[in-house]
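J.: Sending over start25.txt (compact mmCIF, C-alpha atoms).
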# COMPACT_ATOMS: atom_id res chain seq x y z
CA MET C 1 18.72 -18.85 -37.92
CA PRO C 2 16.84 -21.76 -36.27
CA LYS C 3 18.28 -25.23 -36.66
CA ILE C 4 15.84 -28.02 -37.51
CA ALA C 5 16.84 -31.58 -36.59
CA ALA C 6 15.29 -35.03 -36.37
CA PHE C 7 14.60 -36.60 -32.97
CA ARG C 8 13.61 -39.94 -31.49
CA GLY C 9 10.02 -39.50 -30.44
CA LEU C 10 8.04 -41.34 -27.81
CA ARG C 11 4.83 -42.66 -29.38
CA TYR C 12 1.87 -44.74 -28.30
CA ASP C 13 2.04 -48.46 -29.08
CA LEU C 14 -1.33 -49.17 -30.66
CA GLY C 15 -1.06 -52.79 -29.55
CA HIS C 16 -1.43 -51.49 -26.00
CA VAL C 17 -3.90 -48.64 -26.42
CA GLY C 18 -5.99 -49.69 -29.44
CA SER C 19 -7.23 -46.56 -31.22
CA LEU C 20 -4.94 -43.53 -31.36
CA SER C 21 -8.08 -41.35 -31.26
CA ASP C 22 -8.70 -42.49 -27.68
CA VAL C 23 -5.39 -41.27 -26.27
CA ILE C 24 -4.87 -37.86 -27.94
CA ALA C 25 -6.02 -34.43 -26.73
CA PRO C 26 -6.04 -30.81 -27.87
CA PRO C 27 -3.54 -28.38 -26.29
CA TYR C 28 -3.92 -27.90 -22.53
CA ASP C 29 -4.92 -24.25 -22.79
CA VAL C 30 -8.14 -24.97 -24.73
CA ILE C 31 -9.31 -27.77 -22.42
CA GLY C 32 -12.07 -26.86 -19.98
CA PRO C 33 -13.19 -28.98 -17.01
CA GLU C 34 -15.88 -30.82 -18.99
CA LEU C 35 -13.54 -31.84 -21.82
CA GLN C 36 -10.84 -32.73 -19.30
CA ASP C 37 -13.27 -35.09 -17.61
CA ASP C 38 -14.32 -36.60 -20.95
CA LEU C 39 -10.69 -37.24 -21.90
CA TYR C 40 -9.97 -38.85 -18.54
CA LYS C 41 -12.86 -41.25 -19.13
CA ARG C 42 -11.96 -41.99 -22.73
CA HIS C 43 -8.87 -44.07 -21.98
CA PRO C 44 -6.68 -44.72 -18.90
CA ALA C 45 -3.61 -43.74 -20.93
CA ASN C 46 -5.02 -40.59 -22.50
CA VAL C 47 -2.35 -37.89 -22.75
CA ILE C 48 -4.58 -35.56 -20.70
CA ARG C 49 -3.01 -37.21 -17.62
CA LEU C 50 0.33 -35.76 -18.74
CA ILE C 51 -0.48 -32.35 -20.18
CA LEU C 52 -3.26 -31.35 -17.75
CA ASN C 53 -3.42 -33.71 -14.81
CA ARG C 54 -6.28 -33.01 -12.40
CA GLU C 55 -5.75 -31.46 -9.01
CA GLU C 56 -6.60 -33.91 -6.22
CA PRO C 57 -7.47 -33.47 -2.52
CA GLY C 58 -4.36 -33.54 -0.37
CA ASP C 59 -2.02 -32.21 -3.08
CA ASN C 60 1.11 -30.59 -1.71
CA ASP C 61 4.57 -29.51 -2.84
CA THR C 62 5.77 -33.06 -3.45
CA THR C 63 2.59 -34.90 -4.45
CA ASN C 64 0.62 -32.99 -7.05
CA ARG C 65 -0.53 -32.99 -10.63
CA TYR C 66 3.02 -32.51 -11.90
CA SER C 67 4.41 -35.47 -9.97
CA ARG C 68 1.46 -37.60 -11.10
CA ALA C 69 2.11 -36.68 -14.72
CA ALA C 70 5.75 -37.68 -14.33
CA ARG C 71 4.75 -40.98 -12.75
CA PHE C 72 2.31 -41.76 -15.57
CA LEU C 73 4.96 -40.95 -18.16
CA LYS C 74 7.52 -43.20 -16.47
CA ASN C 75 5.05 -46.06 -15.95
CA TRP C 76 3.74 -45.93 -19.50
CA GLN C 77 7.27 -46.22 -20.83
CA SER C 78 8.16 -49.14 -18.56
CA GLU C 79 4.89 -50.90 -19.50
CA GLY C 80 5.44 -50.37 -23.22
CA VAL C 81 2.41 -48.11 -23.63
CA LEU C 82 4.82 -45.46 -24.91
CA GLN C 83 7.81 -46.62 -26.94
CA LEU C 84 10.87 -44.72 -28.15
CA ASP C 85 11.32 -44.75 -31.91
CA PRO C 86 14.45 -46.65 -32.92
CA SER C 87 15.78 -43.90 -35.24
CA PRO C 88 15.63 -40.11 -35.31
CA ALA C 89 12.78 -38.87 -37.50
CA LEU C 90 10.95 -35.87 -38.82
CA TYR C 91 7.22 -36.46 -38.40
CA VAL C 92 5.03 -35.39 -41.31
CA TYR C 93 1.72 -34.20 -39.90
CA HIS C 94 -1.46 -33.52 -41.89
CA GLN C 95 -4.74 -32.14 -40.54
CA VAL C 96 -7.89 -32.58 -42.63
CA PHE C 97 -10.77 -30.32 -41.62
CA GLU C 98 -13.91 -28.50 -42.75
CA HIS C 99 -14.20 -24.72 -42.82
CA GLY C 100 -16.80 -22.59 -44.56
CA GLY C 101 -18.23 -25.60 -46.34
CA GLU C 102 -14.86 -26.60 -47.84
CA THR C 103 -12.38 -29.35 -46.95
CA PHE C 104 -8.80 -28.26 -46.26
CA THR C 105 -5.59 -30.13 -45.51
CA ARG C 106 -2.88 -28.37 -43.54
CA ARG C 107 0.51 -29.97 -44.12
CA GLY C 108 3.54 -29.61 -41.91
CA PHE C 109 6.15 -31.59 -40.05
CA MET C 110 7.40 -31.94 -36.50
CA GLY C 111 11.08 -31.59 -35.83
CA SER C 112 13.40 -30.49 -33.06
CA MET C 113 14.16 -26.75 -33.35
CA GLY C 114 17.22 -25.16 -31.78
CA LEU C 115 16.24 -22.65 -29.08
CA GLU C 116 16.95 -18.93 -29.37
CA ARG C 117 15.71 -16.33 -26.94
CA PHE C 118 13.18 -14.01 -28.55
CA GLY C 119 15.03 -10.96 -29.80
CA GLU C 120 18.36 -12.76 -30.14
CA GLY C 121 17.90 -14.60 -33.42
CA THR C 122 15.34 -15.30 -36.12
CA ILE C 123 12.62 -17.01 -34.05
CA TYR C 124 9.90 -14.44 -33.47
CA PRO C 125 6.90 -14.23 -31.12
CA HIS C 126 3.75 -12.36 -32.02
CA GLU C 127 1.75 -12.37 -28.76
CA GLU C 128 2.38 -11.48 -25.16
CA THR C 129 2.94 -14.19 -22.52
CA HIS C 130 1.95 -14.44 -18.86
CA ALA C 131 4.17 -15.41 -15.94
CA ALA C 132 1.67 -17.77 -14.30
CA ALA C 133 1.27 -19.91 -17.42
CA LYS C 134 5.04 -20.15 -17.88
CA ALA C 135 5.53 -21.12 -14.22
CA ASP C 136 2.93 -23.88 -14.63
CA ARG C 137 4.54 -25.29 -17.79
CA LEU C 138 8.03 -25.10 -16.24
CA LYS C 139 6.94 -27.21 -13.26
CA LEU C 140 5.54 -29.79 -15.68
CA THR C 141 8.70 -29.82 -17.80
CA GLN C 142 10.89 -30.17 -14.71
CA ALA C 143 8.82 -33.11 -13.51
CA CYS C 144 8.48 -34.96 -16.82
CA ARG C 145 11.70 -33.86 -18.56
CA ALA C 146 9.97 -33.91 -21.92
CA ASN C 147 8.21 -31.73 -24.49
CA LEU C 148 4.71 -33.14 -24.11
CA SER C 149 3.23 -30.85 -26.77
CA GLN C 150 4.75 -29.16 -29.79
CA ILE C 151 5.25 -25.50 -30.57
CA PHE C 152 3.44 -24.31 -33.70
CA GLY C 153 5.85 -22.44 -35.97
CA ILE C 154 5.22 -20.90 -39.39
CA TYR C 155 7.91 -19.96 -41.88
CA PRO C 156 8.16 -18.32 -45.32
CA ASP C 157 8.64 -20.83 -48.15
CA GLU C 158 6.83 -19.68 -51.28
CA GLN C 159 7.70 -22.87 -53.16
CA ASN C 160 6.98 -25.13 -50.15
CA GLU C 161 10.39 -26.67 -50.79
CA ALA C 162 10.93 -28.29 -47.38
CA GLN C 163 7.44 -29.78 -47.18
CA THR C 164 7.64 -31.11 -50.74
CA LEU C 165 10.74 -33.15 -49.86
CA LEU C 166 8.78 -34.81 -47.08
CA GLU C 167 5.60 -35.27 -49.11
CA ASN C 168 7.60 -37.14 -51.74
CA ALA C 169 9.07 -39.36 -49.04
CA ILE C 170 5.66 -40.53 -47.79
CA ILE C 171 4.05 -41.36 -51.13
CA GLY C 172 2.43 -44.79 -50.83
CA VAL C 173 3.06 -45.02 -47.08
CA ALA C 174 0.04 -45.57 -44.82
CA PRO C 175 -0.23 -42.99 -42.04
CA LEU C 176 -1.13 -43.30 -38.39
CA GLU C 177 -4.52 -41.63 -37.99
CA ALA C 178 -6.59 -40.09 -35.22
CA THR C 179 -9.83 -38.10 -35.16
CA ASP C 180 -10.30 -35.48 -32.46
CA HIS C 181 -13.44 -34.39 -30.61
CA LEU C 182 -14.19 -31.77 -33.30
CA GLY C 183 -14.02 -34.27 -36.15
CA VAL C 184 -10.65 -33.11 -37.46
CA VAL C 185 -8.60 -35.97 -38.93
CA HIS C 186 -4.90 -36.02 -37.98
CA ARG C 187 -2.39 -38.12 -39.92
CA LEU C 188 1.25 -38.84 -39.04
CA TRP C 189 4.18 -40.34 -40.94
CA PRO C 190 7.68 -40.73 -39.39
CA VAL C 191 10.42 -40.05 -41.97
CA THR C 192 13.83 -41.49 -41.06
CA ASP C 193 15.67 -41.24 -44.41
CA VAL C 194 18.84 -39.33 -43.55
CA ASN C 195 19.08 -37.78 -47.02
CA VAL C 196 15.54 -36.41 -46.80
CA ILE C 197 16.17 -35.11 -43.27
CA SER C 198 19.38 -33.45 -44.40
CA GLY C 199 17.58 -31.85 -47.34
CA VAL C 200 14.83 -30.48 -45.14
CA SER C 201 17.31 -29.13 -42.60
CA GLU C 202 19.23 -27.39 -45.38
CA ALA C 203 16.05 -25.96 -46.92
CA MET C 204 14.97 -24.59 -43.53
CA GLY C 205 18.37 -23.22 -42.55
CA ALA C 206 18.02 -19.66 -43.83
CA LYS C 207 14.36 -19.17 -42.98
CA PRO C 208 12.98 -17.25 -40.01
CA MET C 209 10.40 -18.95 -37.80
CA PHE C 210 7.34 -17.21 -36.35
CA VAL C 211 5.67 -18.75 -33.32
CA ALA C 212 2.00 -19.09 -34.23
CA ASP C 213 0.92 -20.90 -31.07
CA GLY C 214 2.70 -22.12 -27.96
CA HIS C 215 4.48 -18.94 -26.86
CA HIS C 216 4.35 -20.00 -23.20
CA ARG C 217 5.75 -23.44 -24.01
CA TYR C 218 8.53 -21.93 -26.12
CA GLU C 219 9.65 -19.53 -23.40
CA THR C 220 9.36 -22.37 -20.89
CA ALA C 221 11.70 -24.47 -23.04
CA CYS C 222 14.23 -21.62 -22.97
CA ASN C 223 13.85 -21.28 -19.19
CA TYR C 224 14.33 -25.01 -18.68
CA ARG C 225 17.44 -25.02 -20.87
CA ASP C 226 18.89 -22.07 -18.96
CA GLN C 227 18.12 -23.77 -15.65
CA LEU C 228 20.06 -26.88 -16.71
CA ALA C 229 22.94 -24.70 -17.87
CA ALA C 230 23.05 -22.95 -14.48
CA GLU C 231 23.11 -26.35 -12.77
CA GLY C 232 26.02 -27.46 -14.96
CA THR C 233 24.10 -30.36 -16.52
CA LEU C 234 23.75 -28.96 -20.06
CA ASP C 235 26.18 -29.63 -22.88
CA ALA C 236 25.96 -28.86 -26.60
CA GLN C 237 24.34 -32.23 -27.37
CA HIS C 238 21.68 -32.08 -24.68
CA PRO C 239 18.14 -32.37 -26.13
CA ALA C 240 16.99 -29.45 -23.96
CA ASN C 241 18.82 -27.17 -26.40
CA TYR C 242 15.91 -27.88 -28.74
CA VAL C 243 12.13 -27.84 -28.59
CA MET C 244 9.64 -30.01 -30.48
CA THR C 245 8.05 -27.82 -33.15
CA MET C 246 5.41 -28.23 -35.82
CA CYS C 247 6.66 -26.35 -38.88
CA VAL C 248 4.13 -25.15 -41.48
CA SER C 249 4.84 -23.05 -44.55
CA MET C 250 3.04 -19.71 -44.56
CA THR C 251 1.90 -20.47 -48.12
CA ASP C 252 0.41 -23.85 -47.30
CA PRO C 253 -3.17 -23.93 -48.66
CA GLY C 254 -4.44 -25.23 -45.31
CA MET C 255 -3.31 -22.22 -43.27
CA ILE C 256 -6.52 -20.77 -41.81
CA VAL C 257 -6.54 -17.87 -39.35
CA LEU C 258 -9.88 -17.35 -37.62
CA PRO C 259 -11.01 -14.18 -35.83
CA THR C 260 -11.35 -13.91 -32.08
CA HIS C 261 -14.44 -11.89 -31.26
CA ARG C 262 -14.93 -10.39 -27.80
CA LEU C 263 -17.83 -10.44 -25.36
CA PHE C 264 -16.76 -7.91 -22.76
CA ARG C 265 -17.22 -7.94 -19.01
CA GLY C 266 -16.82 -5.03 -16.63
CA LEU C 267 -17.78 -2.23 -19.01
CA PRO C 268 -20.64 0.16 -18.20
CA GLN C 269 -24.00 -0.39 -19.86
CA LEU C 270 -24.16 1.94 -22.85
CA THR C 271 -26.78 2.44 -25.51
CA SER C 272 -25.67 2.55 -29.14
CA GLU C 273 -26.23 6.32 -29.10
CA GLN C 274 -24.00 6.73 -26.05
CA LEU C 275 -21.33 4.48 -27.55
CA GLN C 276 -21.32 6.42 -30.81
CA ALA C 277 -20.95 9.65 -28.87
CA LYS C 278 -17.83 8.28 -27.21
CA LEU C 279 -16.42 7.10 -30.55
CA GLY C 280 -16.91 10.67 -31.76
CA GLU C 281 -15.12 11.88 -34.88
CA TYR C 282 -12.74 8.94 -34.80
CA PHE C 283 -15.23 6.53 -36.34
CA THR C 284 -17.93 6.71 -38.95
CA CYS C 285 -20.90 4.88 -37.45
CA GLU C 286 -23.98 3.36 -38.99
CA PRO C 287 -26.76 1.31 -37.41
CA GLY C 288 -26.40 -2.46 -37.77
CA GLY C 289 -29.82 -3.58 -36.61
CA ALA C 290 -31.28 -5.13 -33.48
CA GLY C 291 -30.74 -8.48 -31.78
CA PRO C 292 -27.78 -10.81 -31.37
CA ALA C 293 -28.57 -12.67 -34.63
CA GLN C 294 -27.70 -9.53 -36.62
CA ALA C 295 -24.09 -10.51 -35.97
CA HIS C 296 -24.26 -12.83 -38.99
CA PRO C 297 -24.93 -10.26 -41.75
CA ILE C 298 -22.71 -7.68 -40.04
CA TRP C 299 -19.77 -10.08 -39.97
CA GLU C 300 -20.34 -11.13 -43.58
CA GLY C 301 -20.00 -7.48 -44.60
CA ILE C 302 -16.88 -6.86 -42.50
CA GLU C 303 -15.22 -10.04 -43.72
CA PHE C 304 -16.09 -9.30 -47.35
CA GLU C 305 -14.67 -5.80 -47.13
CA ASN C 306 -11.55 -7.14 -45.38
CA ASN C 307 -11.03 -3.86 -43.56
CA GLN C 308 -9.10 -4.03 -40.29
CA GLY C 309 -10.56 -0.66 -39.30
CA LYS C 310 -14.17 -1.85 -39.45
CA LEU C 311 -15.79 -3.39 -36.38
CA GLY C 312 -19.23 -4.58 -35.33
CA LEU C 313 -20.13 -3.33 -31.82
CA TYR C 314 -23.14 -4.57 -29.85
CA THR C 315 -24.65 -2.73 -26.88
CA SER C 316 -26.91 -4.84 -24.68
CA ALA C 317 -28.54 -1.81 -23.04
CA ASP C 318 -30.63 -1.28 -26.17
CA ASP C 319 -29.95 -4.57 -28.01
CA GLN C 320 -28.45 -2.71 -30.97
CA TRP C 321 -25.49 -3.18 -33.29
CA THR C 322 -23.28 -0.35 -34.50
CA ILE C 323 -20.96 -0.73 -37.49
CA ALA C 324 -17.95 1.48 -36.74
CA THR C 325 -15.34 2.32 -39.39
CA LEU C 326 -12.12 4.10 -38.47
CA SER C 327 -11.96 7.61 -39.92
CA GLU C 328 -8.92 9.65 -40.95
CA ALA C 329 -9.19 11.46 -37.62
CA GLY C 330 -9.24 8.04 -35.98
CA ARG C 331 -6.08 6.97 -37.76
CA ALA C 332 -4.36 10.12 -36.60
CA LYS C 333 -5.57 9.56 -33.03
CA MET C 334 -4.42 5.93 -33.16
CA ALA C 335 -0.97 7.07 -34.31
CA GLU C 336 -0.89 9.44 -31.34
CA VAL C 337 -2.04 7.03 -28.62
CA ALA C 338 0.00 4.11 -30.02
CA SER C 339 3.12 6.07 -30.95
CA ASP C 340 5.17 3.39 -29.21
CA HIS C 341 4.22 0.97 -31.98
CA SER C 342 4.72 0.66 -35.72
CA SER C 343 2.10 1.66 -38.28
CA ASP C 344 1.58 -2.05 -38.98
CA TRP C 345 0.62 -2.63 -35.34
CA GLN C 346 -1.52 0.51 -35.27
CA GLY C 347 -3.52 -0.73 -38.26
CA LEU C 348 -4.61 -4.03 -36.72
CA GLY C 349 -8.28 -4.36 -35.86
CA VAL C 350 -7.49 -5.84 -32.45
CA SER C 351 -5.04 -2.99 -31.75
CA ILE C 352 -7.65 -0.39 -32.73
CA LEU C 353 -10.20 -2.08 -30.49
CA GLN C 354 -7.84 -2.39 -27.52
CA ARG C 355 -5.80 0.81 -27.61
CA LEU C 356 -8.17 3.33 -29.22
CA ILE C 357 -11.69 2.21 -28.34
CA LEU C 358 -11.29 0.49 -24.97
CA GLU C 359 -8.33 2.23 -23.37
CA THR C 360 -8.59 5.72 -24.88
CA LEU C 361 -12.21 6.45 -25.76
CA LEU C 362 -13.93 4.30 -23.11
CA GLY C 363 -11.20 4.70 -20.49
CA ALA C 364 -11.21 0.97 -19.71
CA THR C 365 -7.69 -0.15 -18.82
CA ASP C 366 -8.18 -2.95 -16.30
CA LEU C 367 -11.07 -5.09 -17.48
CA PRO C 368 -11.85 -8.67 -16.51
CA LYS C 369 -10.93 -11.25 -19.14
CA PRO C 370 -13.48 -11.15 -21.98
CA ASN C 371 -15.27 -14.19 -23.28
CA TYR C 372 -13.29 -14.92 -26.47
CA VAL C 373 -15.19 -16.68 -29.26
CA HIS C 374 -14.18 -17.58 -32.81
CA LEU C 375 -17.43 -18.32 -34.59
CA VAL C 376 -20.17 -15.75 -35.07
CA GLU C 377 -22.70 -18.32 -33.90
CA GLU C 378 -20.79 -18.51 -30.59
CA ALA C 379 -21.10 -14.73 -30.26
CA VAL C 380 -24.83 -14.92 -30.96
CA GLU C 381 -25.23 -17.69 -28.38
CA GLY C 382 -23.27 -15.77 -25.76
CA LEU C 383 -25.25 -12.57 -26.28
CA THR C 384 -28.54 -14.49 -26.20
CA GLU C 385 -27.82 -16.60 -23.11
CA GLY C 386 -25.60 -14.18 -21.20
CA ASP C 387 -22.51 -14.82 -19.10
CA ASP C 388 -22.03 -17.81 -16.81
CA ASP C 389 -23.92 -16.01 -14.04
CA GLY C 390 -26.77 -15.11 -16.40
CA SER C 391 -25.81 -11.43 -16.67
CA LYS C 392 -25.67 -9.72 -20.05
CA TYR C 393 -22.38 -8.80 -21.67
CA PRO C 394 -22.55 -4.98 -21.83
CA ILE C 395 -20.61 -4.70 -25.10
CA ALA C 396 -19.44 -7.17 -27.73
CA ALA C 397 -17.09 -6.67 -30.67
CA LEU C 398 -16.69 -8.46 -33.98
CA VAL C 399 -13.13 -7.84 -35.18
CA MET C 400 -10.97 -8.98 -38.09
CA PRO C 401 -8.09 -11.38 -37.33
CA ALA C 402 -4.46 -10.55 -37.97
CA THR C 403 -3.20 -12.11 -41.18
CA LEU C 404 -0.02 -14.10 -41.78
CA ASP C 405 1.52 -11.00 -43.34
CA HIS C 406 0.70 -9.03 -40.20
CA ILE C 407 2.34 -11.68 -38.06
CA ARG C 408 5.51 -11.56 -40.12
CA SER C 409 5.82 -7.78 -40.38
CA ILE C 410 4.90 -6.99 -36.77
CA SER C 411 7.12 -9.77 -35.42
CA GLU C 412 10.07 -8.52 -37.46
CA HIS C 413 9.53 -5.07 -35.91
CA GLY C 414 10.15 -6.75 -32.55
CA GLU C 415 6.57 -6.09 -31.44
CA ARG C 416 3.89 -8.32 -30.00
CA MET C 417 0.20 -8.09 -30.84
CA PRO C 418 -2.58 -7.72 -28.28
CA ALA C 419 -3.74 -10.98 -26.73
CA LYS C 420 -5.91 -13.23 -28.90
CA SER C 421 -5.07 -11.49 -32.17
CA THR C 422 -5.02 -14.80 -34.02
CA TYR C 423 -6.61 -18.21 -33.80
CA PHE C 424 -5.01 -20.88 -35.94
CA TYR C 425 -7.53 -23.55 -36.74
CA PRO C 426 -7.41 -26.45 -36.19
CA LYS C 427 -5.35 -26.88 -33.04
CA LEU C 428 -2.45 -29.33 -33.04
CA LEU C 429 -2.93 -32.56 -31.11
CA SER C 430 -0.99 -33.54 -28.04
CA GLY C 431 -0.13 -37.22 -27.81
CA LEU C 432 0.98 -37.93 -31.36
CA VAL C 433 4.65 -37.59 -30.44
CA ILE C 434 6.49 -36.74 -27.20
CA ASN C 435 10.06 -35.43 -27.22
CA PRO C 436 12.15 -36.75 -24.28
CA LEU C 437 14.65 -34.28 -22.83
CA SER C 438 16.80 -36.74 -20.92
Write the structure described by the file as structure tokens, please.

T.:
Amino acid sequence: MPKIAAFRGLRYDLGHVGSLSDVIAPPYDVIGPELQDDLYKRHPANVIRLILNREEPGDNDTTNRYSRAARFLKNWQSEGVLQLDPSPALYVYHQVFEHGGETFTRRGFMGSMGLERFGEGTIYPHEETHAAAKADRLKLTQACRANLSQIFGIYPDEQNEAQTLLENAIIGVAPLEATDHLGVVHRLWPVTDVNVISGVSEAMGAKPMFVADGHHRYETACNYRDQLAAEGTLDAQHPANYVMTMCVSMTDPGMIVLPTHRLFRGLPQLTSEQLQAKLGEYFTCEPGGAGPAQAHPIWEGIEFENNQGKLGLYTSADDQWTIATLSEAGRAKMAEVASDHSSDWQGLGVSILQRLILETLLGATDLPKPNYVHLVEEAVEGLTEGDDDGSKYPIAALVMPATLDHIRSISEHGERMPAKSTYFYPKLLSGLVINPLS
């Protein structure tokens, strides 16, 4: 079972930086070149210089974006821009955001979570990872010797017992507050009361933890710990035995999982009639109408029905939508072609799309990375304007997201979902707290 502990975080001194909103950033993996540039300009001490430092002319093995990040981190500490909290704390973290015309608040807390290799304990992944991303994050961790961003973990707690202890501890206490580039409000309260920390640790002790976001950073933390152990510099008290983690109850009212729709590259141009012929007896198909904007009513119907086996498929060759619903023959075929996975995995919309439609029926096994979008309006925009080079996406798919129950059941089977099965909104900020590992 994962161990949750308090830690002494490094935090921005507002007397040095002014507004906390000017120095925070979203996670590195959702930052494109334009946003990176904006964050660089926003403040000279913006955390972007740590989590995603820019490549510069003349970079080599010793002078590069990792060494620059380490130098910024060291300088900011010596200058007092970043200061170490005097006492270990758990950091209550709220995110206030709009979705579907409603206001939500997601409540959680950041603590230090004891590392366990996936498959060796009760910390579970749900998505695949890639070697290149882990190599990148390991170089950054080696240079900075710190968790610069937190893992996002979710855990079962029907009564929200652990979070309630912390919520009671912050009543009447003013938070630190930052607003990100999407308008999401982030609030932070350090809690140092040892009795509250002990109560939270005890409440969390028997609960499994499911990694919602940050799989690469989690595995990197394990790799860094193992590297120190091999070098003989790790003991039981070393902070590298832990990783900074945002913990959110799976029953928190602010837990929102958005879909990740796909605009595909590299597929042949097919008309809706040709696509339906390839789907054959495995799907029941009906016309969805013409034009990218038809994505809106199609998605409303899919979302209302809440059927993982129902997808909206667009073919640019004839500008038509097809609504495809998995048939009994399709379920049997899915069980055959995905016999290496559980029935829970086989029933996911993203699994059906990937394994049955793309790989089996269309024979597409080595496609370029799709354009992943989360809002239907983004899909409409992409289909209207085309790819970066102006070409049309041959096929697009609207697909249901995996639910929290899917994450739990599939993770406990020891399986991982296809890439981009979930999108937890909003993203956690980097720069609220840094966890030193030395």

J.: Determine the nearest neighbour of Phe104 of chain C from the options C:Leu313, C:Ala178, C:Val380, C:Met255, counting only C-alpha atoms.

T.: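 Smallest separation from Phe104 of chain C among the options: C:Met255.
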
J.: Go ahead and compute the interatomic distance for atom CA of Arg107 of chain C and atom CA of Glu202 of chain C, in Å to one decimal.

T.: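 Separation of atom CA of Arg107 of chain C and atom CA of Glu202 of chain C: 18.9 Å.
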
J.: Which polymer residues have any atom within 7 Å of an atom of Pro394 of chain C, counting all atoms listed in the file, with same-chain residues fewer than 5 positions away left out, as JSON, numbers by chain?

T.: {"C": [264, 265, 267, 268, 269, 315, 316, 317]}

J.: Segment 58-66 of chain C: which residues within 8 Å, counting all atoms listed in the file, same-chain residues fewer than 6 positions away excluded, as a PyMOL selection string?

T.: chain C and resi 52+139-140+143-144

J.: Compile the contact shell of Ala338 of chain C as a PDB file with C-alpha atoms, in the frame of the given file: residues with an atom at most 12 Å away, counting all atoms listed in the file, same-chain residues fewer than 4 positions apart removed.

T.:
ATOM      1  CA  GLY C 330      -9.240   8.040 -35.980  1.00  0.00           C
ATOM      2  CA  ARG C 331      -6.080   6.970 -37.760  1.00  0.00           C
ATOM      3  CA  ALA C 332      -4.360  10.120 -36.600  1.00  0.00           C
ATOM      4  CA  LYS C 333      -5.570   9.560 -33.030  1.00  0.00           C
ATOM      5  CA  MET C 334      -4.420   5.930 -33.160  1.00  0.00           C
ATOM      6  CA  SER C 342       4.720   0.660 -35.720  1.00  0.00           C
ATOM      7  CA  SER C 343       2.100   1.660 -38.280  1.00  0.00           C
ATOM      8  CA  ASP C 344       1.580  -2.050 -38.980  1.00  0.00           C
ATOM      9  CA  TRP C 345       0.620  -2.630 -35.340  1.00  0.00           C
ATOM     10  CA  GLN C 346      -1.520   0.510 -35.270  1.00  0.00           C
ATOM     11  CA  GLY C 347      -3.520  -0.730 -38.260  1.00  0.00           C
ATOM     12  CA  LEU C 348      -4.610  -4.030 -36.720  1.00  0.00           C
ATOM     13  CA  SER C 351      -5.040  -2.990 -31.750  1.00  0.00           C
ATOM     14  CA  ILE C 352      -7.650  -0.390 -32.730  1.00  0.00           C
ATOM     15  CA  LEU C 353     -10.200  -2.080 -30.490  1.00  0.00           C
ATOM     16  CA  GLN C 354      -7.840  -2.390 -27.520  1.00  0.00           C
ATOM     17  CA  ARG C 355      -5.800   0.810 -27.610  1.00  0.00           C
ATOM     18  CA  LEU C 356      -8.170   3.330 -29.220  1.00  0.00           C
ATOM     19  CA  ILE C 357     -11.690   2.210 -28.340  1.00  0.00           C
ATOM     20  CA  GLU C 359      -8.330   2.230 -23.370  1.00  0.00           C
ATOM     21  CA  THR C 360      -8.590   5.720 -24.880  1.00  0.00           C
TER      22      THR C 360
END

J.: Using Å and a single decimal, report how far atom CA of Ser67 of chain C sits from atom CA of Leu20 of chain C.

T.: 24.7 Å

J.: In terms of the shortest atom-to-atom distance over all atoms listed in the file, which of C:Tyr218, C:Tyr242, C:Tyr91, C:Phe283 is closest to Leu176 of chain C?

T.: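 Nearest candidate to Leu176 of chain C out of C:Tyr218, C:Tyr242, C:Tyr91, C:Phe283: C:Tyr91.
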
J.: At most 8 Å is the cut-off: for each residue in segment 396-436 of chain C with any atom that close to an atom of segment 126-135 of chain C, write down the nearest atom pair and the distance in Å rounded to one decimal, counting all atoms listed in the file, chain first then increasing number, as CSV.

T.:
residue,atom,partner,partner_atom,distance
C:Ile407,CA,C:His126,CA,6.2
C:Ile410,CA,C:His126,CA,7.3
C:Ser411,CA,C:His126,CA,5.4
C:Glu415,CA,C:His126,CA,6.9
C:Arg416,CA,C:His126,CA,4.5
C:Met417,CA,C:Glu127,CA,5.0
C:Pro418,CA,C:Glu127,CA,6.4
C:Ala419,CA,C:Glu127,CA,6.0
C:Lys420,CA,C:Glu127,CA,7.7
C:Ser421,CA,C:Glu127,CA,7.7

J.: Quick one: distance from atom CA of Val196 of chain C to atom CA of Pro239 of chain C in Å, one decimal?

T.: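 We find that atom CA of Val196 of chain C and atom CA of Pro239 of chain C lie 21.2 Å from each other.
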